[in-house]
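Worksheet: the structure to be examined is printed underneath.
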Amino acid sequence: MLSFKKHLMISIAIRGFLVYYGEVQDNLSDIQYTDVDYRVITDGASHVLALNSPYKRHTYRYTPLLAYLVVPNLLLHHTFGKLIFSLFDVLIGLLIKWILLNCYRENKISIEKKLLKLETLNNRNKYLIKRKNEVLNSNNETLPPRYIRMAELSAYFWLYNPLTMVIATRGNGDCVSCSLVLIALYYLLQNKQSLAQFFLAGVFLGMSIHFRLYPVGFCLAFYLAIADKSLNTPAEYLNAILMPNAKQLVLVLGTVVSLAVTTIFFYLLYGHQYLYESILYHLIRKDTRHNFSLYFYMQYLGSNQEATGMLEKVLTFLPQLILILMLTMRYGKHRQTIGFALFAIAFVMVTYNPVVTSQYFVWFLSLLPLSVKNFRNIGFRKAIFIPVMWFISQGGWLLPAYLLEFKGWNTFEFVWIQSIVFFFSNILILQILITNYDVSYNYKID
């Protein structure tokens, strides 16, 4: 049986091959493998190299850090950025394993503490008291092999996912923000419970928001998960929010500091154009080109009707805001379920977003492996049905989209119909996952 390190090397090799294959396809086919955004970021890097603003490149609407990251595209080789994004992609697999192993250790220690407490209450002898102190003062690093194996299998779910591999090797940088979210979660769930770890969690959460705005939806879940209070009534939620503990204050401090420092720094460098292109534009963006979103055809037909712009924004964002709050209150209030909370929140944000493209899928796919262990009762049929339905609904959209983009056929209505099918497929998938999510399954003493 191959070790986890060998699987890592294989996954890196596969991504390297895909980068090479992309070069061949770009040279031989009209359908380019390389993502358009990658070319935009590389152009932005050329402006940075000339000591200018990356925003001199039209449609550059990312953090300047992405342009800095791919400057070697111009100095070494134009595929350098793809290799860097591929390494971030592999890092996500590593983080998934580390987070799950940490969660298993925490749950093991928690269960052993409870058992020892019961034993010492019933039989107060020196041996049990000594054993209890050993458990309380140790990190309890050892885990049964089956739990290590489960963590590794969850990581393989990402490392060998063809969709995520293709997205990264095409030159999309969303894996960077996904890595930062998982690093923030890793520090949040550390067993040692020091204030420094929560500050670091906040720093990486703030950095992930700097790269992409979507992690803003995770902030309340991060905050509530370390409240250390019973959260069942509206009054208790309000108390947890308005009366934070030291861990929550440090988490907020880290988030605000990292977000403020990066924002102010780049504002001083590039002025208002940075704020508009990298932040404000994404809040008012209206994409009339075809995309997976349920709302794209409405935006296309109403592209010249500015009067309905604000009302349209409210109506399109309100449903996902309500769902995000509900999912946060249901799953975001416990450390044991925050992984599923983040997945469900990201899934809702992508499904209901006015603009949906393939790279957005990595937002929730990078979080799904954290909850694979909790779907053990989902059944073989549903486990096959979910990915098959998801990919078929995507394929049904891609055909009319291809005919529209490359053949010039008027298939807008067919693309819109398939967008509706894809939307309801996502809703059904989320409903199945929520119904079959087993909150109680984390670790059991052998």
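Naming works like this for the structure tokens: A, B, ... for the chains as they're shown, residue 1 at the start of each chain, ligands 1 onward in shown order.
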
Closest pair table for segment 134-202 of chain A residues within 10 Å of segment 223-227 of chain A, only C-alpha atoms, as a Markdown table:
```
| residue | atom | partner | partner_atom | distance |
| --- | --- | --- | --- | --- |
| A:Leu188 | CA | A:Ile226 | CA | 8.2 |
| A:Leu189 | CA | A:Ile226 | CA | 9.2 |
| A:Gln193 | CA | A:Ile226 | CA | 9.9 |
| A:Phe198 | CA | A:Ile226 | CA | 9.3 |
| A:Gly202 | CA | A:Tyr223 | CA | 9.7 |
```

Would you mind exporting C-alpha atoms of the selected residues as a short mmCIF file (atom, residue, chain, number, x, y, z; two decimals), in the first residue's frame?
```
data_model
loop_
_atom_site.label_atom_id
_atom_site.label_comp_id
_atom_site.auth_asym_id
_atom_site.auth_seq_id
_atom_site.Cartn_x
_atom_site.Cartn_y
_atom_site.Cartn_z
CA LEU A 188 -8.88 27.76 15.26
CA LEU A 189 -9.21 24.03 16.02
CA GLN A 193 -6.15 26.64 23.11
CA PHE A 198 -6.71 32.43 17.70
CA GLY A 202 -7.82 35.69 12.55
#
```

Can you write out as a tab-separated table which residues of segment 153-230 of chain A fall within 8 Å of segment 35-44 of chain A, alongside each residue's closest atom pair and its distance in Å to one decimal, counting only C-alpha atoms and ordering rows by chain and ascending residue number?
```
residue	atom	partner	partner_atom	distance
A:Arg170	CA	A:Asp35	CA	5.2
A:Gly171	CA	A:Tyr38	CA	5.1
A:Asn172	CA	A:Tyr38	CA	6.3
```

Once you count only C-alpha atoms, what closest atom pair and distance in Å to one decimal does each residue of segment 338-366 of chain A within 7 Å of segment 289-301 of chain A have, with rows by chain and rising residue number, as JSON lines?
```
{"residue": "A:Asn353", "atom": "CA", "partner": "A:Ser293", "partner_atom": "CA", "distance": 6.5}
{"residue": "A:Pro354", "atom": "CA", "partner": "A:Tyr295", "partner_atom": "CA", "distance": 5.5}
{"residue": "A:Val355", "atom": "CA", "partner": "A:Ser293", "partner_atom": "CA", "distance": 5.4}
{"residue": "A:Val356", "atom": "CA", "partner": "A:Ser293", "partner_atom": "CA", "distance": 5.0}
{"residue": "A:Thr357", "atom": "CA", "partner": "A:Asn291", "partner_atom": "CA", "distance": 6.0}
```

Using only N, CA, C and O atoms, please write the residues we just selected to a file, as an mmCIF file, in the first residue's frame.
```
data_model
loop_
_atom_site.group_PDB
_atom_site.id
_atom_site.type_symbol
_atom_site.label_atom_id
_atom_site.label_comp_id
_atom_site.auth_asym_id
_atom_site.auth_seq_id
_atom_site.Cartn_x
_atom_site.Cartn_y
_atom_site.Cartn_z
ATOM 1 N N ASN A 353 -25.236 32.829 -5.993
ATOM 2 C CA ASN A 353 -24.505 34.006 -6.445
ATOM 3 C C ASN A 353 -24.966 34.458 -7.825
ATOM 4 O O ASN A 353 -25.290 33.624 -8.674
ATOM 5 N N PRO A 354 -25.014 35.772 -8.086
ATOM 6 C CA PRO A 354 -25.409 36.259 -9.412
ATOM 7 C C PRO A 354 -24.426 35.877 -10.518
ATOM 8 O O PRO A 354 -24.774 35.909 -11.688
ATOM 9 N N VAL A 355 -23.190 35.549 -10.124
ATOM 10 C CA VAL A 355 -22.183 35.093 -11.088
ATOM 11 C C VAL A 355 -21.588 33.796 -10.559
ATOM 12 O O VAL A 355 -21.103 33.745 -9.428
ATOM 13 N N VAL A 356 -21.636 32.730 -11.357
ATOM 14 C CA VAL A 356 -21.103 31.429 -10.948
ATOM 15 C C VAL A 356 -20.267 30.862 -12.090
ATOM 16 O O VAL A 356 -20.781 30.639 -13.186
ATOM 17 N N THR A 357 -18.987 30.644 -11.822
ATOM 18 C CA THR A 357 -18.114 29.995 -12.799
ATOM 19 C C THR A 357 -17.466 28.774 -12.139
ATOM 20 O O THR A 357 -17.540 28.605 -10.916
#
```

- For Ile420 of chain A, which residue among A:Asn107, A:Ser358, A:Cys219, A:Gln394 is the nearest when counting only C-alpha atoms?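 Of all the options, A:Gln394 lies closest to Ile420 of chain A.
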
Wanna dump the segment 220-303 of chain A-segment 320-325 of chain A contacts at 12 Å for me, each residue with its shortest atom pair and the distance in Å to one decimal, counting only C-alpha atoms, ordered by chain and number, as a tab-separated table?
```
residue	atom	partner	partner_atom	distance
A:Leu220	CA	A:Leu325	CA	8.5
A:Ala221	CA	A:Leu325	CA	9.1
A:Leu224	CA	A:Leu325	CA	11.7
A:Tyr237	CA	A:Leu325	CA	11.6
```

Put those residues in a file: C-alpha atoms, as an mmCIF file, in the first residue's frame.
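result34.cif, written as the output of this step:
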```cif
data_model
loop_
_atom_site.group_PDB
_atom_site.id
_atom_site.type_symbol
_atom_site.label_atom_id
_atom_site.label_comp_id
_atom_site.auth_asym_id
_atom_site.auth_seq_id
_atom_site.Cartn_x
_atom_site.Cartn_y
_atom_site.Cartn_z
ATOM 1 C CA LEU A 220 -19.702 34.651 12.316
ATOM 2 C CA ALA A 221 -19.201 30.876 12.354
ATOM 3 C CA LEU A 224 -19.443 31.605 17.526
ATOM 4 C CA TYR A 237 -26.742 34.235 20.563
#
```

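If you measure from each of A:Thr63, A:Gln32, A:Asn27, A:Thr255 to Ala201 of chain A using only C-alpha atoms, the closest one turns out to be A:Thr255.
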
With a distance cut-off of 10 Å and only C-alpha atoms, select the neighbouring residues of segment 173-177 of chain A, excluding the residue or stretch itself and same-chain residues fewer than 5 positions from it, and output the selection as a CSV table (one decimal) with C-alpha atoms, in the first residue's frame.
```
chain,number,residue,atom,x,y,z
A,37,ASP,CA,-7.9,35.1,-15.8
A,38,TYR,CA,-4.3,33.7,-15.8
A,41,ILE,CA,-2.9,38.2,-13.9
A,62,TYR,CA,-7.8,40.9,-8.0
A,66,LEU,CA,-1.6,37.6,-7.2
A,69,LEU,CA,3.1,36.0,-7.1
A,81,GLY,CA,2.2,30.7,-11.8
A,82,LYS,CA,0.4,27.5,-12.7
A,84,ILE,CA,2.6,27.7,-7.8
A,85,PHE,CA,-1.2,27.4,-7.8
A,86,SER,CA,-0.8,23.6,-8.2
A,87,LEU,CA,1.4,23.5,-5.1
A,88,PHE,CA,-1.3,25.5,-3.2
A,89,ASP,CA,-3.8,23.0,-4.5
A,90,VAL,CA,-1.7,20.1,-3.0
A,91,LEU,CA,-1.3,22.1,0.3
A,92,ILE,CA,-5.1,22.0,0.6
A,164,THR,CA,-10.0,20.8,-8.8
A,167,ILE,CA,-9.0,24.4,-12.3
A,168,ALA,CA,-5.6,24.9,-10.6
A,182,LEU,CA,-8.1,26.1,5.9
A,183,ILE,CA,-5.0,27.4,7.6
A,204,PHE,CA,-5.2,34.0,8.0
A,205,LEU,CA,-9.0,34.6,7.9
A,207,MET,CA,-5.8,37.3,4.4
A,208,SER,CA,-8.3,35.0,2.8
A,209,ILE,CA,-10.9,37.8,2.7
A,210,HIS,CA,-8.2,40.0,1.1
A,211,PHE,CA,-7.8,37.5,-1.6
A,212,ARG,CA,-11.5,36.7,-2.1
A,213,LEU,CA,-14.5,38.3,-0.5
A,214,TYR,CA,-16.5,35.1,0.0
A,215,PRO,CA,-14.8,34.1,3.4
A,359,GLN,CA,-13.5,28.0,-10.2
A,360,TYR,CA,-16.0,29.0,-7.6
A,361,PHE,CA,-16.7,25.3,-7.0
A,362,VAL,CA,-13.3,24.9,-5.2
A,363,TRP,CA,-14.7,27.2,-2.5
A,366,SER,CA,-12.1,22.2,-0.4
```

- Nearest to Met165 of chain A, chosen from A:Phe80, A:Phe17, A:Phe266, A:Trp98, with only C-alpha atoms counted in the distances: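 Checking each candidate against Met165 of chain A, we get A:Phe17 as the closest.
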